[in-house]
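Chemist: Here you go, one structure.
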Amino acid sequence: MFDLKRAPSYPKTQCFDSRLSDFEYSPTEPPIIQSEQELQTDADYLYSVALYRDCSKVLKTICKEYPGNKQARSELTRTIFRLLEQQRGTYNFKSLYAEVATRPTPQLDHATYVGSVEVRDSSGKDRGLFTTSPVKAGDLLVCEKAFSYGYSKYQSGTNIMLREATIKKLTEYPNLIPMFSSVYHGSYEPILAVDGGPFVDQKLVDRVIKLNSFGGSLTSLASHTSKSSGHSSGIWILAASINHSCTANCRRSFIGDMQIIRACRDMPPDTELFWPYTRSLAQDHDYEATQQELQEYGFVCACELCEDAKATGSKTAKRREMLRVELSAAFATGGQRGAFDCGKVDTARVERTLNLLANTYSSTAVEVPRTGMWDPYLALTRMYVVLGRSHEAISSTLKVFEMLGFEIRGAQIPAIGSGMVIVEKWGLVVDYLVECWMILWTAYAALGDLERAEIARNFAIVTYGIVVGEDQTFEETYGSNGRICVLQRMLWSKQ
Ligand SMILES: [Zn+2]
């Protein structure tokens with residue numbers, strides 16, 4: 001029988017490592033007759049420490065012994081939903097958004113799911129997160145509830161809230177201090193106990209927050225659709241074990257205090273997961289600036305982007321810079337970097353400059369993604385969409401994918417071979433790739449190629465899932481727009 005006195009003080013929120021054998025029922029212990037109230041107390045506690053299977057057993061007993069207890073029946077349903085989330089990663093993401101909208105501090109009542117991944121020692125680093133079985137691009141790897149979390153409608157103040165929430169939690173549940181101190185905190189030597197008792201080291205809290213907190217929009221859907229949603233920041237212990245690379249193979253997104261991690265390429269088992277701690281992808285990769293930002297983490301990034309940027313001479317870097325200015329001028333935006341417009345565009349000049357820019361690279365884009373070249377191709381694509389030029393829109397969209405390191409077969413116009421579009425290799429994933437797949441979907445449809453249109457639509461949904469965290473809202477965000485365009489045999493555009 002569950003013994004509350006044996007239970008360590010434990011947070012009243014779900015934690016990713018909830019498999020505490022202390023809470024298991026033992027068949028050898030003699031049965032004790034418990035009152036309805038005692039059973040309810042047990043159920044509440046088991047729910048609060050995320051032991052949903054045990055909780056459901058207690059609630060089933062209440063339902064059987066006390067059939068008039070309607071509350072226990074509804075709590076049993078809720079607990080079974082948590083169990084499905086925890087064990088299978090089955091979430092009703094729309095209900096998560098509904099909770100976010102109604103809770104003033106968006107800390108949700110949902111379980112943490114840990115899929116085919118585990119923490120292992122990583123060469124040269126403390127630890128890392130690895131796949132344990134083959135995964136496909138878009139697969140859900142983790143959906144983790146925050147250890148601590150801060151939210152504000154305004155852009156500032158969330159780090160102070162996060163600090164307060166973290167200290168409060170560690171003070172209330174000191175048995176969590178060892179787990180918290182296992183998160184990377186640089187060279188700082190934390191104080192974990194004073195006079196034989198647990199101690200909440202505020203400097204450790206500050207170091208962990210500085211090096212491991214994630215901040216951003218309340219939901220990734222809001223940021224994807226450019227809607228304002230306030231600002232949040234939090235600590236996710238399992239996600240904090242993921243090491244840095246400028247070339248990510250997984251991607252994080254958020255719904256309130258739930259962090260969703262999906263694979264953004266196909267991976268075999270035993271692959272270490274990486275994502276970037278720094279840098280935007282809408283510019284040429286800057287080796288010095290990247291290493292500078294990573295200094296406090298105590299390592300030098302040697303990913304293909306960094307190695308390539310390091311090997312690029314200053315003369316080439318200057319030439320690229322000059323060609324980017326020329327591109328901006330050709331897009332008639334007054335030379336502002338990274339901001340291209342499809343207004344008055346000199347197409348021939350743009351294409352010519354892009355070719356000159358391409359000649360400054362010695363590797364192919366599949367070998368080393370060209371982070372300074374995908375956005376002008378996207379601008380060019382949008383221009384072809386506005387002009388209704390399907391062939392050019394397809395070619396230009398495929399260049400966006402190529403520049404980001406994708407290898408896609410069977411997508412060219414006219415079709416060669418089976419008519420199947422196959423992503424041989426996934427590249428760097430940016431939010432705009434949903435738009436790119438949407439353009440391919442509707443461009444193929446406009447050309448009467450419905451088979452490839454459907455494949456492109458499916459890739460749009462997978463990519464949407466990767467960048468937003470779920471694909472259950474795809475239809476509301478993009479689907480109807482796309483279908484109208486397909487029916488009318490026209491290219492998709494945001495207007
Ligand atoms: Zn790098």
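Convention: chains lettered A, B, ... in structure tokens order; per-chain residue numbering from 1; ligands numbered from 1 as shown.
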Neighbouring residues of ligand 1 are defined here as those with any atom at most 7 Å from a ligand atom, counting only C-alpha atoms and all ligand atoms; list them as a ChimeraX atom specification.
Modeler: /A:245-247,301-306
Chemist: Residues within 12 Å of Ile394 of chain A, please, as a PDB file with N, CA and C atoms, in the first residue's frame. Count only C-alpha atoms; anything in the same chain fewer than 2 positions from it doesn't count.
Modeler:
ATOM      1  N   TYR A 377      16.931  33.773 -52.239  1.00  0.00           N
ATOM      2  CA  TYR A 377      16.140  32.865 -53.092  1.00  0.00           C
ATOM      3  C   TYR A 377      14.676  32.834 -52.663  1.00  0.00           C
ATOM      4  N   LEU A 378      14.440  32.965 -51.331  1.00  0.00           N
ATOM      5  CA  LEU A 378      13.052  33.002 -50.859  1.00  0.00           C
ATOM      6  C   LEU A 378      12.356  34.266 -51.380  1.00  0.00           C
ATOM      7  N   LEU A 380      13.089  35.884 -54.064  1.00  0.00           N
ATOM      8  CA  LEU A 380      12.887  35.691 -55.506  1.00  0.00           C
ATOM      9  C   LEU A 380      11.656  34.795 -55.744  1.00  0.00           C
ATOM     10  N   THR A 381      11.564  33.737 -54.919  1.00  0.00           N
ATOM     11  CA  THR A 381      10.419  32.818 -55.030  1.00  0.00           C
ATOM     12  C   THR A 381       9.108  33.573 -54.831  1.00  0.00           C
ATOM     13  N   ARG A 382       9.072  34.402 -53.795  1.00  0.00           N
ATOM     14  CA  ARG A 382       7.834  35.150 -53.502  1.00  0.00           C
ATOM     15  C   ARG A 382       7.459  36.050 -54.676  1.00  0.00           C
ATOM     16  N   MET A 383       8.493  36.589 -55.316  1.00  0.00           N
ATOM     17  CA  MET A 383       8.223  37.451 -56.460  1.00  0.00           C
ATOM     18  C   MET A 383       7.586  36.625 -57.595  1.00  0.00           C
ATOM     19  N   TYR A 384       8.140  35.415 -57.849  1.00  0.00           N
ATOM     20  CA  TYR A 384       7.567  34.564 -58.901  1.00  0.00           C
ATOM     21  C   TYR A 384       6.137  34.137 -58.554  1.00  0.00           C
ATOM     22  N   VAL A 385       5.870  33.955 -57.257  1.00  0.00           N
ATOM     23  CA  VAL A 385       4.507  33.599 -56.827  1.00  0.00           C
ATOM     24  C   VAL A 385       3.547  34.743 -57.159  1.00  0.00           C
ATOM     25  N   GLY A 388       2.784  34.801 -60.595  1.00  0.00           N
ATOM     26  CA  GLY A 388       2.076  33.610 -61.074  1.00  0.00           C
ATOM     27  C   GLY A 388       2.917  32.744 -62.003  1.00  0.00           C
ATOM     28  N   ARG A 389       4.250  32.815 -61.884  1.00  0.00           N
ATOM     29  CA  ARG A 389       5.130  32.027 -62.763  1.00  0.00           C
ATOM     30  C   ARG A 389       5.526  30.722 -62.054  1.00  0.00           C
ATOM     31  N   SER A 390       4.718  29.678 -62.288  1.00  0.00           N
ATOM     32  CA  SER A 390       4.857  28.424 -61.532  1.00  0.00           C
ATOM     33  C   SER A 390       6.222  27.768 -61.720  1.00  0.00           C
ATOM     34  N   HIS A 391       6.700  27.688 -62.966  1.00  0.00           N
ATOM     35  CA  HIS A 391       7.975  27.007 -63.230  1.00  0.00           C
ATOM     36  C   HIS A 391       9.111  27.661 -62.448  1.00  0.00           C
ATOM     37  N   GLU A 392       9.174  28.987 -62.574  1.00  0.00           N
ATOM     38  CA  GLU A 392      10.263  29.713 -61.893  1.00  0.00           C
ATOM     39  C   GLU A 392      10.108  29.616 -60.372  1.00  0.00           C
ATOM     40  N   SER A 396      13.054  28.206 -58.056  1.00  0.00           N
ATOM     41  CA  SER A 396      13.604  29.103 -57.042  1.00  0.00           C
ATOM     42  C   SER A 396      13.382  28.534 -55.629  1.00  0.00           C
ATOM     43  N   THR A 397      12.223  27.927 -55.397  1.00  0.00           N
ATOM     44  CA  THR A 397      11.960  27.307 -54.087  1.00  0.00           C
ATOM     45  C   THR A 397      12.960  26.188 -53.825  1.00  0.00           C
ATOM     46  N   LEU A 398      13.225  25.402 -54.876  1.00  0.00           N
ATOM     47  CA  LEU A 398      14.175  24.296 -54.699  1.00  0.00           C
ATOM     48  C   LEU A 398      15.572  24.815 -54.369  1.00  0.00           C
ATOM     49  N   LYS A 399      15.891  26.015 -54.834  1.00  0.00           N
ATOM     50  CA  LYS A 399      17.182  26.627 -54.488  1.00  0.00           C
ATOM     51  C   LYS A 399      17.212  26.994 -52.990  1.00  0.00           C
ATOM     52  N   VAL A 400      16.059  27.435 -52.454  1.00  0.00           N
ATOM     53  CA  VAL A 400      16.010  27.733 -51.006  1.00  0.00           C
ATOM     54  C   VAL A 400      16.385  26.474 -50.225  1.00  0.00           C
ATOM     55  N   PHE A 401      15.740  25.353 -50.606  1.00  0.00           N
ATOM     56  CA  PHE A 401      16.039  24.082 -49.926  1.00  0.00           C
ATOM     57  C   PHE A 401      17.515  23.710 -50.095  1.00  0.00           C
ATOM     58  N   GLY A 410      13.494  14.392 -57.571  1.00  0.00           N
ATOM     59  CA  GLY A 410      12.201  14.236 -58.244  1.00  0.00           C
ATOM     60  C   GLY A 410      11.287  15.448 -58.152  1.00  0.00           C
ATOM     61  N   ALA A 411      11.842  16.613 -57.787  1.00  0.00           N
ATOM     62  CA  ALA A 411      10.975  17.789 -57.598  1.00  0.00           C
ATOM     63  C   ALA A 411      11.007  18.738 -58.788  1.00  0.00           C
ATOM     64  N   GLN A 412      11.957  18.517 -59.723  1.00  0.00           N
ATOM     65  CA  GLN A 412      12.122  19.482 -60.812  1.00  0.00           C
ATOM     66  C   GLN A 412      10.968  19.421 -61.812  1.00  0.00           C
ATOM     67  N   ILE A 413      10.877  20.499 -62.548  1.00  0.00           N
ATOM     68  CA  ILE A 413       9.915  20.603 -63.658  1.00  0.00           C
ATOM     69  C   ILE A 413      10.715  20.630 -64.950  1.00  0.00           C
ATOM     70  N   PRO A 414      10.409  19.806 -65.975  1.00  0.00           N
ATOM     71  CA  PRO A 414       9.369  18.768 -65.949  1.00  0.00           C
ATOM     72  C   PRO A 414       9.813  17.563 -65.132  1.00  0.00           C
ATOM     73  N   ALA A 415       8.842  16.745 -64.729  1.00  0.00           N
ATOM     74  CA  ALA A 415       9.138  15.582 -63.897  1.00  0.00           C
ATOM     75  C   ALA A 415       9.977  14.577 -64.656  1.00  0.00           C
ATOM     76  N   CYS A 436       7.597  27.370 -48.185  1.00  0.00           N
ATOM     77  CA  CYS A 436       8.208  26.820 -49.407  1.00  0.00           C
ATOM     78  C   CYS A 436       7.483  25.554 -49.875  1.00  0.00           C
ATOM     79  N   TRP A 437       7.183  24.653 -48.926  1.00  0.00           N
ATOM     80  CA  TRP A 437       6.443  23.442 -49.313  1.00  0.00           C
ATOM     81  C   TRP A 437       5.037  23.810 -49.792  1.00  0.00           C
ATOM     82  N   MET A 438       4.438  24.835 -49.174  1.00  0.00           N
ATOM     83  CA  MET A 438       3.108  25.289 -49.616  1.00  0.00           C
ATOM     84  C   MET A 438       3.169  25.806 -51.054  1.00  0.00           C
ATOM     85  N   ILE A 439       4.237  26.529 -51.349  1.00  0.00           N
ATOM     86  CA  ILE A 439       4.392  27.043 -52.724  1.00  0.00           C
ATOM     87  C   ILE A 439       4.544  25.879 -53.696  1.00  0.00           C
ATOM     88  N   LEU A 440       5.342  24.879 -53.309  1.00  0.00           N
ATOM     89  CA  LEU A 440       5.493  23.708 -54.194  1.00  0.00           C
ATOM     90  C   LEU A 440       4.152  23.000 -54.367  1.00  0.00           C
ATOM     91  N   TRP A 441       3.421  22.832 -53.272  1.00  0.00           N
ATOM     92  CA  TRP A 441       2.114  22.158 -53.322  1.00  0.00           C
ATOM     93  C   TRP A 441       1.221  22.835 -54.375  1.00  0.00           C
ATOM     94  N   THR A 442       1.073  24.146 -54.222  1.00  0.00           N
ATOM     95  CA  THR A 442       0.126  24.838 -55.104  1.00  0.00           C
ATOM     96  C   THR A 442       0.696  25.045 -56.513  1.00  0.00           C
ATOM     97  N   ALA A 443       2.031  25.142 -56.613  1.00  0.00           N
ATOM     98  CA  ALA A 443       2.627  25.299 -57.953  1.00  0.00           C
ATOM     99  C   ALA A 443       2.442  24.013 -58.766  1.00  0.00           C
ATOM    100  N   TYR A 444       2.673  22.858 -58.133  1.00  0.00           N
ATOM    101  CA  TYR A 444       2.436  21.583 -58.837  1.00  0.00           C
ATOM    102  C   TYR A 444       0.960  21.473 -59.230  1.00  0.00           C
ATOM    103  N   ALA A 445       0.089  21.859 -58.274  1.00  0.00           N
ATOM    104  CA  ALA A 445      -1.349  21.768 -58.559  1.00  0.00           C
ATOM    105  C   ALA A 445      -1.722  22.670 -59.723  1.00  0.00           C
ATOM    106  N   ALA A 446      -1.141  23.880 -59.743  1.00  0.00           N
ATOM    107  CA  ALA A 446      -1.439  24.818 -60.836  1.00  0.00           C
ATOM    108  C   ALA A 446      -0.993  24.252 -62.177  1.00  0.00           C
ATOM    109  N   LEU A 447       0.038  23.394 -62.141  1.00  0.00           N
ATOM    110  CA  LEU A 447       0.517  22.770 -63.380  1.00  0.00           C
ATOM    111  C   LEU A 447      -0.175  21.431 -63.654  1.00  0.00           C
ATOM    112  N   ARG A 452       2.448  15.051 -57.208  1.00  0.00           N
ATOM    113  CA  ARG A 452       3.532  15.740 -56.500  1.00  0.00           C
ATOM    114  C   ARG A 452       2.986  16.846 -55.591  1.00  0.00           C
ATOM    115  N   ALA A 453       1.842  17.413 -55.982  1.00  0.00           N
ATOM    116  CA  ALA A 453       1.218  18.426 -55.115  1.00  0.00           C
ATOM    117  C   ALA A 453       0.909  17.822 -53.742  1.00  0.00           C
ATOM    118  N   ALA A 456       4.069  17.280 -51.702  1.00  0.00           N
ATOM    119  CA  ALA A 456       4.564  18.554 -51.154  1.00  0.00           C
ATOM    120  C   ALA A 456       3.706  18.999 -49.976  1.00  0.00           C
ATOM    121  N   LEU A 491      -1.156  29.928 -57.635  1.00  0.00           N
ATOM    122  CA  LEU A 491      -0.099  29.768 -56.649  1.00  0.00           C
ATOM    123  C   LEU A 491      -0.554  30.315 -55.301  1.00  0.00           C
ATOM    124  N   TRP A 492      -0.021  29.693 -54.239  1.00  0.00           N
ATOM    125  CA  TRP A 492      -0.357  30.128 -52.898  1.00  0.00           C
ATOM    126  C   TRP A 492       0.384  31.412 -52.578  1.00  0.00           C
TER     127      TRP A 492
END
Chemist: Using only C-alpha atoms, which residues of segment 257-286 of chain A come within 12 Å of segment 139-147 of chain A, and what is the closest atom pair for each, with the distance in Å to one decimal? Give it as a Markdown table, sorted by chain and residue number.
Modeler:
| residue | atom | partner | partner_atom | distance |
| --- | --- | --- | --- | --- |
| A:Asp257 | CA | A:Ala146 | CA | 5.4 |
| A:Met258 | CA | A:Lys145 | CA | 4.6 |
| A:Gln259 | CA | A:Glu144 | CA | 5.1 |
| A:Ile260 | CA | A:Cys143 | CA | 4.4 |
| A:Ile261 | CA | A:Val142 | CA | 5.0 |
| A:Arg262 | CA | A:Leu140 | CA | 4.6 |
| A:Ala263 | CA | A:Asp139 | CA | 5.5 |
| A:Cys264 | CA | A:Asp139 | CA | 8.0 |
| A:Arg265 | CA | A:Asp139 | CA | 9.0 |
| A:Asp266 | CA | A:Asp139 | CA | 8.9 |
| A:Met267 | CA | A:Asp139 | CA | 10.3 |
| A:Leu273 | CA | A:Leu141 | CA | 10.2 |
Chemist: Could you check the closest approach to Asn249 of chain A for each of A:Ser232, A:Thr131, A:Ser74, A:Ser122 and tell me which residue wins, using only C-alpha atoms?
Modeler: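 Closest candidate: A:Thr131.
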Chemist: From the set A:Ile484, A:Val467, A:Cys63, A:Leu162, which residue has the shortest atom-to-atom contact distance to Arg252 of chain A, counting only C-alpha atoms?
Modeler: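 So, comparing all the options, the nearest one is A:Val467.
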Chemist: Which residue gives the smallest distance to Gln40 of chain A among A:Tyr287, A:Leu129, A:Val486, A:Arg73, with only C-alpha atoms counted?
Modeler: A:Arg73
Chemist: Looking only at the backbone, which of the residues in segment 83-217 of chain A does DSSP tag as strand (DSSP E), as a PyMOL selection string?
Modeler: chain A and resi 113-114+117-122+125-131+140-145+148-152+193-194+197-198+214-216
Chemist: Could the residues in this selection be written to a file with N, CA and C atoms, as an mmCIF file, in the first residue's frame?
Modeler:
data_model
loop_
_atom_site.group_PDB
_atom_site.id
_atom_site.type_symbol
_atom_site.label_atom_id
_atom_site.label_comp_id
_atom_site.auth_asym_id
_atom_site.auth_seq_id
_atom_site.Cartn_x
_atom_site.Cartn_y
_atom_site.Cartn_z
ATOM 1 N N TYR A 113 6.626 13.506 -21.727
ATOM 2 C CA TYR A 113 6.864 12.296 -22.515
ATOM 3 C C TYR A 113 8.333 12.253 -22.922
ATOM 4 N N VAL A 114 8.972 11.125 -22.721
ATOM 5 C CA VAL A 114 10.345 10.941 -23.196
ATOM 6 C C VAL A 114 10.309 9.795 -24.196
ATOM 7 N N VAL A 117 14.888 8.494 -26.780
ATOM 8 C CA VAL A 117 16.129 9.225 -26.472
ATOM 9 C C VAL A 117 16.571 8.902 -25.049
ATOM 10 N N GLU A 118 17.864 9.056 -24.803
ATOM 11 C CA GLU A 118 18.353 8.938 -23.423
ATOM 12 C C GLU A 118 19.606 9.767 -23.243
ATOM 13 N N VAL A 119 19.858 10.150 -21.992
ATOM 14 C CA VAL A 119 21.048 10.937 -21.665
ATOM 15 C C VAL A 119 22.224 9.973 -21.531
ATOM 16 N N ARG A 120 23.321 10.310 -22.208
ATOM 17 C CA ARG A 120 24.542 9.509 -22.096
ATOM 18 C C ARG A 120 25.735 10.448 -21.991
ATOM 19 N N ASP A 121 26.877 9.884 -21.638
ATOM 20 C CA ASP A 121 28.117 10.675 -21.682
ATOM 21 C C ASP A 121 28.404 11.021 -23.127
ATOM 22 N N SER A 122 28.853 12.261 -23.332
ATOM 23 C CA SER A 122 29.153 12.718 -24.688
ATOM 24 C C SER A 122 30.639 13.033 -24.757
ATOM 25 N N LYS A 125 32.314 16.374 -23.641
ATOM 26 C CA LYS A 125 31.356 17.199 -22.915
ATOM 27 C C LYS A 125 30.779 16.384 -21.761
ATOM 28 N N ASP A 126 30.064 17.087 -20.860
ATOM 29 C CA ASP A 126 29.497 16.409 -19.696
ATOM 30 C C ASP A 126 28.619 15.234 -20.097
ATOM 31 N N ARG A 127 27.627 15.553 -20.863
ATOM 32 C CA ARG A 127 26.623 14.555 -21.230
ATOM 33 C C ARG A 127 25.867 15.088 -22.432
ATOM 34 N N GLY A 128 25.102 14.228 -23.052
ATOM 35 C CA GLY A 128 24.333 14.644 -24.217
ATOM 36 C C GLY A 128 23.092 13.791 -24.324
ATOM 37 N N LEU A 129 22.210 14.140 -25.241
ATOM 38 C CA LEU A 129 20.981 13.368 -25.451
ATOM 39 C C LEU A 129 21.116 12.621 -26.779
ATOM 40 N N PHE A 130 20.856 11.310 -26.753
ATOM 41 C CA PHE A 130 21.075 10.451 -27.918
ATOM 42 C C PHE A 130 19.777 9.731 -28.301
ATOM 43 N N THR A 131 19.661 9.413 -29.582
ATOM 44 C CA THR A 131 18.527 8.586 -30.020
ATOM 45 C C THR A 131 18.803 7.134 -29.622
ATOM 46 N N LEU A 140 8.222 12.974 -32.748
ATOM 47 C CA LEU A 140 8.264 13.576 -31.409
ATOM 48 C C LEU A 140 9.292 12.826 -30.571
ATOM 49 N N LEU A 141 10.284 13.558 -30.065
ATOM 50 C CA LEU A 141 11.327 12.933 -29.247
ATOM 51 C C LEU A 141 11.055 13.153 -27.758
ATOM 52 N N VAL A 142 10.661 14.372 -27.430
ATOM 53 C CA VAL A 142 10.420 14.725 -26.028
ATOM 54 C C VAL A 142 9.306 15.770 -25.981
ATOM 55 N N CYS A 143 8.454 15.684 -24.953
ATOM 56 C CA CYS A 143 7.545 16.799 -24.657
ATOM 57 C C CYS A 143 7.677 16.994 -23.146
ATOM 58 N N GLU A 144 8.406 18.009 -22.754
ATOM 59 C CA GLU A 144 8.830 18.131 -21.355
ATOM 60 C C GLU A 144 8.198 19.323 -20.656
ATOM 61 N N LYS A 145 7.695 19.046 -19.474
ATOM 62 C CA LYS A 145 7.158 20.132 -18.644
ATOM 63 C C LYS A 145 8.316 20.864 -17.977
ATOM 64 N N SER A 148 10.968 24.975 -13.950
ATOM 65 C CA SER A 148 10.480 26.265 -13.434
ATOM 66 C C SER A 148 10.256 27.176 -14.629
ATOM 67 N N TYR A 149 9.416 28.196 -14.421
ATOM 68 C CA TYR A 149 8.913 28.930 -15.581
ATOM 69 C C TYR A 149 8.483 30.330 -15.183
ATOM 70 N N GLY A 150 8.718 31.286 -16.068
ATOM 71 C CA GLY A 150 8.243 32.655 -15.836
ATOM 72 C C GLY A 150 7.552 33.167 -17.087
ATOM 73 N N TYR A 151 6.486 33.913 -16.906
ATOM 74 C CA TYR A 151 5.766 34.445 -18.070
ATOM 75 C C TYR A 151 5.307 35.874 -17.786
ATOM 76 N N SER A 152 5.446 36.711 -18.800
ATOM 77 C CA SER A 152 4.959 38.084 -18.681
ATOM 78 C C SER A 152 4.334 38.492 -20.007
ATOM 79 N N ALA A 193 25.109 21.958 0.457
ATOM 80 C CA ALA A 193 24.651 21.716 1.831
ATOM 81 C C ALA A 193 25.409 22.632 2.785
ATOM 82 N N VAL A 194 24.722 23.058 3.838
ATOM 83 C CA VAL A 194 25.342 23.866 4.894
ATOM 84 C C VAL A 194 24.910 23.271 6.226
ATOM 85 N N GLY A 197 22.611 20.318 6.246
ATOM 86 C CA GLY A 197 21.274 20.441 5.643
ATOM 87 C C GLY A 197 21.365 20.958 4.223
ATOM 88 N N PRO A 198 20.328 20.712 3.412
ATOM 89 C CA PRO A 198 20.370 21.174 2.018
ATOM 90 C C PRO A 198 20.398 22.701 1.932
ATOM 91 N N PHE A 214 15.584 28.890 -21.659
ATOM 92 C CA PHE A 214 15.085 29.215 -22.991
ATOM 93 C C PHE A 214 14.035 30.299 -22.829
ATOM 94 N N GLY A 215 14.074 31.272 -23.720
ATOM 95 C CA GLY A 215 13.063 32.319 -23.651
ATOM 96 C C GLY A 215 12.457 32.540 -25.018
ATOM 97 N N GLY A 216 11.272 33.087 -25.027
ATOM 98 C CA GLY A 216 10.658 33.374 -26.323
ATOM 99 C C GLY A 216 9.180 33.574 -26.198
#
Chemist: Name all residues at most 8 Å from Arg319 of chain A (count only C-alpha atoms; drop same-chain ones fewer than 4 positions away) and give them as a JSON list (two decimals) with C-alpha atoms, in the first residue's frame.
Modeler:
[["chain", "number", "residue", "atom", "x", "y", "z"],
["A", 315, "LYS", "CA", 38.88, 38.53, -49.28],
["A", 323, "LEU", "CA", 27.47, 40.87, -53.50],
["A", 360, "THR", "CA", 32.45, 32.22, -53.98]]
Chemist: Go through A:Gly234, A:Gly405, A:Gly448, A:Pro106 one by one, measure the shortest atom-to-atom distance of each to Asn159 of chain A using only C-alpha atoms, and give the residue with the smallest value.
Modeler: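 Closest candidate: A:Gly234.
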Chemist: Among the residues of segment 47-228 of chain A, find those DSSP assigns to helix (DSSP H, G or I) from the backbone and print them as a VMD selection string.
Modeler: chain A and resid 47 to 48 52 to 65 70 to 88 93 to 102 158 to 172 174 to 181 202 to 212 220 to 224
Chemist: Got time to write the residues from that selection, C-alpha atoms, as a short mmCIF file (atom, residue, chain, number, x, y, z; two decimals), in the first residue's frame?
Modeler:
data_model
loop_
_atom_site.label_atom_id
_atom_site.label_comp_id
_atom_site.auth_asym_id
_atom_site.auth_seq_id
_atom_site.Cartn_x
_atom_site.Cartn_y
_atom_site.Cartn_z
CA TYR A 47 -1.17 12.59 -9.59
CA SER A 48 0.95 15.47 -8.29
CA TYR A 52 -0.35 8.25 -13.28
CA ARG A 53 -0.54 4.47 -13.50
CA ASP A 54 -0.63 4.10 -9.72
CA CYS A 55 -3.00 7.05 -9.48
CA SER A 56 -5.41 5.40 -11.95
CA LYS A 57 -5.39 2.20 -9.87
CA VAL A 58 -6.39 4.10 -6.73
CA LEU A 59 -9.08 6.02 -8.61
CA LYS A 60 -10.44 2.77 -10.06
CA THR A 61 -10.72 1.43 -6.51
CA ILE A 62 -12.64 4.55 -5.44
CA CYS A 63 -14.98 4.21 -8.45
CA LYS A 64 -15.61 0.55 -7.61
CA GLU A 65 -16.03 0.92 -3.85
CA LYS A 70 -18.57 11.31 -9.74
CA GLN A 71 -15.46 13.37 -9.11
CA ALA A 72 -13.30 10.25 -8.92
CA ARG A 73 -14.73 9.12 -12.25
CA SER A 74 -13.78 12.37 -13.97
CA GLU A 75 -10.36 12.35 -12.30
CA LEU A 76 -9.84 8.81 -13.60
CA THR A 77 -10.51 10.02 -17.16
CA ARG A 78 -8.06 12.91 -16.69
CA THR A 79 -5.43 10.54 -15.28
CA ILE A 80 -5.78 8.13 -18.22
CA PHE A 81 -5.13 11.06 -20.59
CA ARG A 82 -1.95 11.88 -18.61
CA LEU A 83 -0.90 8.23 -18.83
CA LEU A 84 -1.34 8.26 -22.61
CA GLU A 85 0.78 11.40 -22.81
CA GLN A 86 3.49 10.03 -20.53
CA GLN A 87 3.77 6.59 -22.13
CA ARG A 88 2.89 7.16 -25.80
CA PHE A 93 -2.34 19.81 -28.64
CA LYS A 94 -5.43 21.92 -29.25
CA SER A 95 -6.38 21.42 -25.60
CA LEU A 96 -2.89 22.65 -24.63
CA TYR A 97 -3.53 25.90 -26.53
CA ALA A 98 -6.92 26.17 -24.82
CA GLU A 99 -5.23 25.90 -21.43
CA VAL A 100 -2.59 28.45 -22.39
CA ALA A 101 -5.37 30.89 -23.25
CA THR A 102 -7.16 30.46 -19.93
CA THR A 158 10.63 36.97 -17.10
CA ASN A 159 14.18 36.09 -16.04
CA ILE A 160 13.55 37.62 -12.60
CA MET A 161 10.32 35.61 -12.38
CA LEU A 162 12.16 32.48 -13.47
CA ARG A 163 14.82 33.06 -10.81
CA GLU A 164 12.20 33.48 -8.09
CA ALA A 165 10.25 30.42 -9.26
CA THR A 166 13.42 28.29 -9.33
CA ILE A 167 14.55 29.34 -5.84
CA LYS A 168 11.03 28.79 -4.47
CA LYS A 169 10.86 25.32 -5.95
CA LEU A 170 14.28 24.26 -4.67
CA THR A 171 13.47 25.66 -1.22
CA GLU A 172 10.18 23.75 -1.07
CA PRO A 174 15.33 20.37 -1.47
CA ASN A 175 15.56 16.75 -2.65
CA LEU A 176 15.62 18.22 -6.18
CA ILE A 177 18.87 20.15 -5.55
CA PRO A 178 21.20 17.31 -6.71
CA MET A 179 19.25 16.92 -9.97
CA PHE A 180 19.23 20.68 -10.51
CA SER A 181 22.96 20.94 -9.84
CA GLN A 202 21.45 31.35 -5.54
CA LYS A 203 24.66 31.74 -7.53
CA LEU A 204 24.13 28.24 -8.90
CA VAL A 205 20.57 29.21 -9.82
CA ASP A 206 21.90 32.27 -11.65
CA ARG A 207 24.52 30.22 -13.53
CA VAL A 208 22.01 27.54 -14.55
CA ILE A 209 19.52 30.16 -15.73
CA LYS A 210 22.18 32.06 -17.66
CA LEU A 211 23.44 28.96 -19.46
CA ASN A 212 20.31 26.84 -19.81
CA SER A 220 5.85 28.70 -31.18
CA LEU A 221 2.63 28.90 -33.19
CA ALA A 222 2.28 32.56 -32.15
CA SER A 223 5.84 33.29 -33.22
CA HIS A 224 5.38 31.33 -36.50
#
Chemist: I'd like the neighbourhood of Lys425 of chain A as a PyMOL selection string, where a residue qualifies if any of its atoms comes within 7 Å (using only C-alpha atoms), though same-chain residues fewer than 2 positions away should be ignored.
Modeler: chain A and resi 406-408+423+427
Chemist: Could you tell me how far atom CA of Leu428 of chain A sits from atom CA of Arg457 of chain A, in Å to one decimal place?
Modeler: 19.0 Å
Chemist: Of the candidates A:Arg103, A:His110, A:Lys227, A:His185, which one gets nearest to Tyr297 of chain A if we count only C-alpha atoms?
Modeler: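 For Tyr297 of chain A, the nearest of the candidates is A:His185.
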Chemist: Identify which of the residues A:Ser395, A:Thr219, A:Thr316, A:Thr353 lies closest to Phe254 of chain A, counting only C-alpha atoms when measuring atom-to-atom distances.
Modeler: A:Thr219
